[in-house]
Amino acid sequence: MIRRALLLLALLSLCTAHAWAASPAEGKPRSKPGHGYVMPSTEVFDLTSDGGEVYRIFVSFPGSGEAPKDGYPVLYVLDGNAYFGSFAAARWVQEFEPVGQSIIVGVGYPGDAAWDVRRMNDYTQPLLDPPPKQWRELAKYKSGARKPFLDFLTGKLRTEIGKRYTVDDTRNALFGHSFGGLFALYALYERPEAFNTIVAASPSSEWNEQGMLKEERAFTERLTSGQIGKTSKLMVVVGDQDKDDDPEPARALVDRLDRLSGYGMRVRLHRYEDEVHVTVPARSVTDVLRFSFEIR
């Protein structure tokens, strides 16, 4: 748990760090500069939430052929600056396969950093006051804006994507990693009908002394009492070197939710050998696409 907290702190520190560019050696002839690479069948635009927050939206879409009659299914990828490229490349090279007949929407932030400190605010519950010891260093960052962010994802952003592309609005999927994985669980518990499929990769379930357990219990009560008519399918993905906790919390989470199968809950676990926290997303891309778009 402490190792995970230190890693998350390191990632947030990277968000604010300045990159140092190497200067060419004196007297050495300069080569003609190259050009930036733009992946085919992609575009980027900024969109402002109702609360005034600006998000950078990355989209990968089929570049040829007619759209399906019902439109393309859509996968929303959190931390889009970091992970959109992997998902977009996988979709693009499989464009004439079922997995490629889809739209990937990366939800990120203006700038070139892989991660932005705003992610902590968008993806989490408010940090406890006083904060737990392992999270004390993160108290200087904002937290707790996950509800307005979920409103943006399922409202203004989804509407904008529907205006720009031919989409099947009944087939929306969500992927989040780390804090994003924690948010993915929140989306399941808070609005279980908002996404057909949800993937929580290495979710930071230990946040706020495992505060998400209370919301899981509330979700379970609503589901078993018939208050929820339909719920997202969930896949949890982790690396076998992801956490230093024992027992493995992802396994325990999946075991608990699997007991709700009689009420329509569908959940599975993917555990990757030799993968650590930061390497799980890249390893999971193909499995995520197949699960999100119901391809076996």
# chains A, B, ... in the order shown; residues from 1 in each chain; ligands from 1
>>> residues_around(residues="segment 89-94 of chain A", least_positions_apart="5", cutoff="10 Å", atoms="only C-alpha atoms", output="mmCIF file with C-alpha atoms, in the first residue's frame")
data_model
loop_
_atom_site.group_PDB
_atom_site.id
_atom_site.type_symbol
_atom_site.label_atom_id
_atom_site.label_comp_id
_atom_site.auth_asym_id
_atom_site.auth_seq_id
_atom_site.Cartn_x
_atom_site.Cartn_y
_atom_site.Cartn_z
ATOM 1 C CA MET A 39 -1.651 8.857 -36.489
ATOM 2 C CA PRO A 40 -4.113 8.400 -39.356
ATOM 3 C CA SER A 41 -7.840 8.494 -38.614
ATOM 4 C CA THR A 42 -7.421 10.563 -35.478
ATOM 5 C CA SER A 60 -9.614 7.474 -33.215
ATOM 6 C CA PHE A 61 -12.257 6.455 -35.756
ATOM 7 C CA PRO A 62 -12.596 4.189 -38.816
ATOM 8 C CA GLY A 63 -11.184 6.055 -41.801
ATOM 9 C CA PHE A 84 -4.942 7.043 -26.081
ATOM 10 C CA VAL A 99 -12.324 -4.651 -32.998
ATOM 11 C CA GLY A 100 -11.360 -1.864 -35.404
ATOM 12 C CA GLN A 101 -14.950 -0.992 -36.239
ATOM 13 C CA SER A 102 -15.191 1.224 -33.199
ATOM 14 C CA ILE A 103 -14.345 4.670 -31.886
ATOM 15 C CA ILE A 104 -11.768 5.368 -29.164
ATOM 16 C CA VAL A 285 -5.135 -3.129 -24.616
ATOM 17 C CA THR A 286 -6.318 -6.026 -26.796
ATOM 18 C CA LEU A 289 -10.980 -3.813 -26.725
#
>>> residues_around(residues="Leu257 of chain A", least_positions_apart="3", cutoff="12 Å", atoms="only C-alpha atoms", output="PyMOL selection string")
chain A and resi 185+188-189+213+216-217+219-221+223-224+231-236+250-254+260-269
>>> select_by_dssp(residues="segment 4-156 of chain A", states="alpha helix (DSSP H)", output="short mmCIF file (atom, residue, chain, number, x, y, z; two decimals) with N, CA and C atoms, in the first residue's frame")
data_model
loop_
_atom_site.label_atom_id
_atom_site.label_comp_id
_atom_site.auth_asym_id
_atom_site.auth_seq_id
_atom_site.Cartn_x
_atom_site.Cartn_y
_atom_site.Cartn_z
N ARG A 4 2.42 1.73 -3.35
CA ARG A 4 1.47 2.30 -4.32
C ARG A 4 1.33 3.81 -4.12
N ALA A 5 1.23 4.26 -2.86
CA ALA A 5 1.10 5.68 -2.59
C ALA A 5 2.30 6.45 -3.10
N LEU A 6 3.50 5.90 -2.89
CA LEU A 6 4.71 6.56 -3.37
C LEU A 6 4.73 6.63 -4.89
N LEU A 7 4.25 5.58 -5.55
CA LEU A 7 4.21 5.58 -7.01
C LEU A 7 3.25 6.63 -7.53
N LEU A 8 2.07 6.73 -6.90
CA LEU A 8 1.11 7.74 -7.33
C LEU A 8 1.65 9.14 -7.11
N LEU A 9 2.36 9.34 -6.01
CA LEU A 9 2.99 10.64 -5.76
C LEU A 9 4.01 10.94 -6.83
N ALA A 10 4.80 9.93 -7.22
CA ALA A 10 5.80 10.14 -8.27
C ALA A 10 5.14 10.51 -9.59
N LEU A 11 4.03 9.87 -9.92
CA LEU A 11 3.32 10.19 -11.16
C LEU A 11 2.81 11.62 -11.14
N LEU A 12 2.26 12.04 -9.99
CA LEU A 12 1.77 13.41 -9.89
C LEU A 12 2.92 14.41 -9.97
N SER A 13 4.07 14.04 -9.42
CA SER A 13 5.23 14.93 -9.52
C SER A 13 5.67 15.09 -10.96
N LEU A 14 5.59 14.01 -11.73
CA LEU A 14 5.94 14.09 -13.15
C LEU A 14 5.04 15.06 -13.88
N CYS A 15 3.79 15.18 -13.43
CA CYS A 15 2.85 16.07 -14.11
C CYS A 15 3.33 17.51 -14.09
N THR A 16 4.04 17.90 -13.01
CA THR A 16 4.43 19.28 -12.86
C THR A 16 5.89 19.54 -13.20
N GLY A 80 -6.18 10.22 -21.16
CA GLY A 80 -6.02 10.10 -22.60
C GLY A 80 -4.64 10.49 -23.10
N ASN A 81 -4.00 11.47 -22.47
CA ASN A 81 -2.65 11.85 -22.90
C ASN A 81 -1.69 10.67 -22.83
N ALA A 82 -1.86 9.84 -21.81
CA ALA A 82 -0.95 8.71 -21.60
C ALA A 82 -1.35 7.48 -22.41
N TYR A 83 -2.64 7.18 -22.51
CA TYR A 83 -3.06 5.86 -22.99
C TYR A 83 -3.79 5.86 -24.32
N PHE A 84 -4.21 7.02 -24.81
CA PHE A 84 -4.94 7.04 -26.08
C PHE A 84 -4.13 6.42 -27.21
N GLY A 85 -2.84 6.74 -27.29
CA GLY A 85 -2.01 6.26 -28.39
C GLY A 85 -2.01 4.75 -28.51
N SER A 86 -1.91 4.05 -27.38
CA SER A 86 -1.89 2.59 -27.41
C SER A 86 -3.21 2.03 -27.93
N PHE A 87 -4.31 2.57 -27.44
CA PHE A 87 -5.62 2.08 -27.88
C PHE A 87 -5.90 2.46 -29.33
N ALA A 88 -5.51 3.67 -29.72
CA ALA A 88 -5.75 4.11 -31.10
C ALA A 88 -4.96 3.26 -32.08
N ALA A 89 -3.70 2.97 -31.76
CA ALA A 89 -2.88 2.14 -32.66
C ALA A 89 -3.47 0.75 -32.80
N ALA A 90 -3.91 0.17 -31.68
CA ALA A 90 -4.50 -1.17 -31.73
C ALA A 90 -5.77 -1.18 -32.58
N ARG A 91 -6.59 -0.14 -32.44
CA ARG A 91 -7.81 -0.07 -33.25
C ARG A 91 -7.47 0.12 -34.72
N TRP A 92 -6.50 0.99 -35.01
CA TRP A 92 -6.16 1.34 -36.40
C TRP A 92 -5.63 0.14 -37.18
N VAL A 93 -4.71 -0.61 -36.59
CA VAL A 93 -4.12 -1.74 -37.32
C VAL A 93 -5.11 -2.89 -37.49
N ARG A 118 -4.66 17.33 -12.35
CA ARG A 118 -6.13 17.44 -12.28
C ARG A 118 -6.80 16.07 -12.20
N ARG A 119 -6.11 15.04 -12.63
CA ARG A 119 -6.70 13.70 -12.60
C ARG A 119 -7.10 13.29 -11.18
N MET A 120 -6.32 13.70 -10.20
CA MET A 120 -6.63 13.34 -8.82
C MET A 120 -7.97 13.94 -8.41
N ASN A 121 -8.22 15.18 -8.80
CA ASN A 121 -9.49 15.83 -8.48
C ASN A 121 -10.65 15.16 -9.21
N ASP A 122 -10.43 14.85 -10.48
CA ASP A 122 -11.51 14.30 -11.31
C ASP A 122 -11.87 12.86 -10.95
N TYR A 123 -10.92 12.10 -10.43
CA TYR A 123 -11.13 10.65 -10.29
C TYR A 123 -11.42 10.18 -8.87
N ARG A 146 -15.21 14.05 -8.61
CA ARG A 146 -15.56 12.95 -9.50
C ARG A 146 -17.00 13.02 -10.02
N LYS A 147 -17.94 13.55 -9.23
CA LYS A 147 -19.32 13.62 -9.71
C LYS A 147 -19.46 14.56 -10.90
N PRO A 148 -18.97 15.82 -10.82
CA PRO A 148 -19.06 16.66 -12.02
C PRO A 148 -18.29 16.10 -13.21
N PHE A 149 -17.20 15.37 -12.95
CA PHE A 149 -16.48 14.76 -14.07
C PHE A 149 -17.31 13.65 -14.70
N LEU A 150 -17.98 12.84 -13.89
CA LEU A 150 -18.87 11.81 -14.44
C LEU A 150 -20.02 12.46 -15.21
N ASP A 151 -20.53 13.57 -14.71
CA ASP A 151 -21.57 14.31 -15.44
C ASP A 151 -21.06 14.73 -16.81
N PHE A 152 -19.83 15.22 -16.86
CA PHE A 152 -19.23 15.64 -18.14
C PHE A 152 -19.08 14.46 -19.09
#
>>> closest_residue(among="A:Phe179, A:Tyr37, A:Phe45, A:Phe96", to="His277 of chain A", atoms="only C-alpha atoms")
A:Phe179
>>> atom_distance(atom1="atom CA of Ala187 of chain A", atom2="atom CA of Trp135 of chain A")
22.6 Å
>>> atom_distance(atom1="atom CA of Thr166 of chain A", atom2="atom CA of Phe291 of chain A")
21.0 Å
>>> atom_distance(atom1="atom CA of Leu78 of chain A", atom2="atom CA of Arg259 of chain A")
28.0 Å
>>> residues_around(residues="Gly71 of chain A", least_positions_apart="5", cutoff="8 Å", atoms="only C-alpha atoms", output="PyMOL selection string")
chain A and resi 166-169
>>> write_last_selection(atoms="N, CA and C atoms", output="tab-separated table (two decimals), in the first residue's frame")
chain	number	residue	atom	x	y	z
A	166	THR	N	-20.77	8.92	-36.16
A	166	THR	CA	-21.93	8.02	-36.16
A	166	THR	C	-21.71	6.95	-35.09
A	167	VAL	N	-22.40	7.08	-33.99
A	167	VAL	CA	-22.16	6.20	-32.84
A	167	VAL	C	-23.42	5.44	-32.46
A	168	ASP	N	-23.20	4.31	-31.84
A	168	ASP	CA	-24.27	3.52	-31.24
A	168	ASP	C	-24.34	3.92	-29.77
A	169	ASP	N	-25.30	4.75	-29.42
A	169	ASP	CA	-25.34	5.29	-28.07
A	169	ASP	C	-25.76	4.26	-27.02
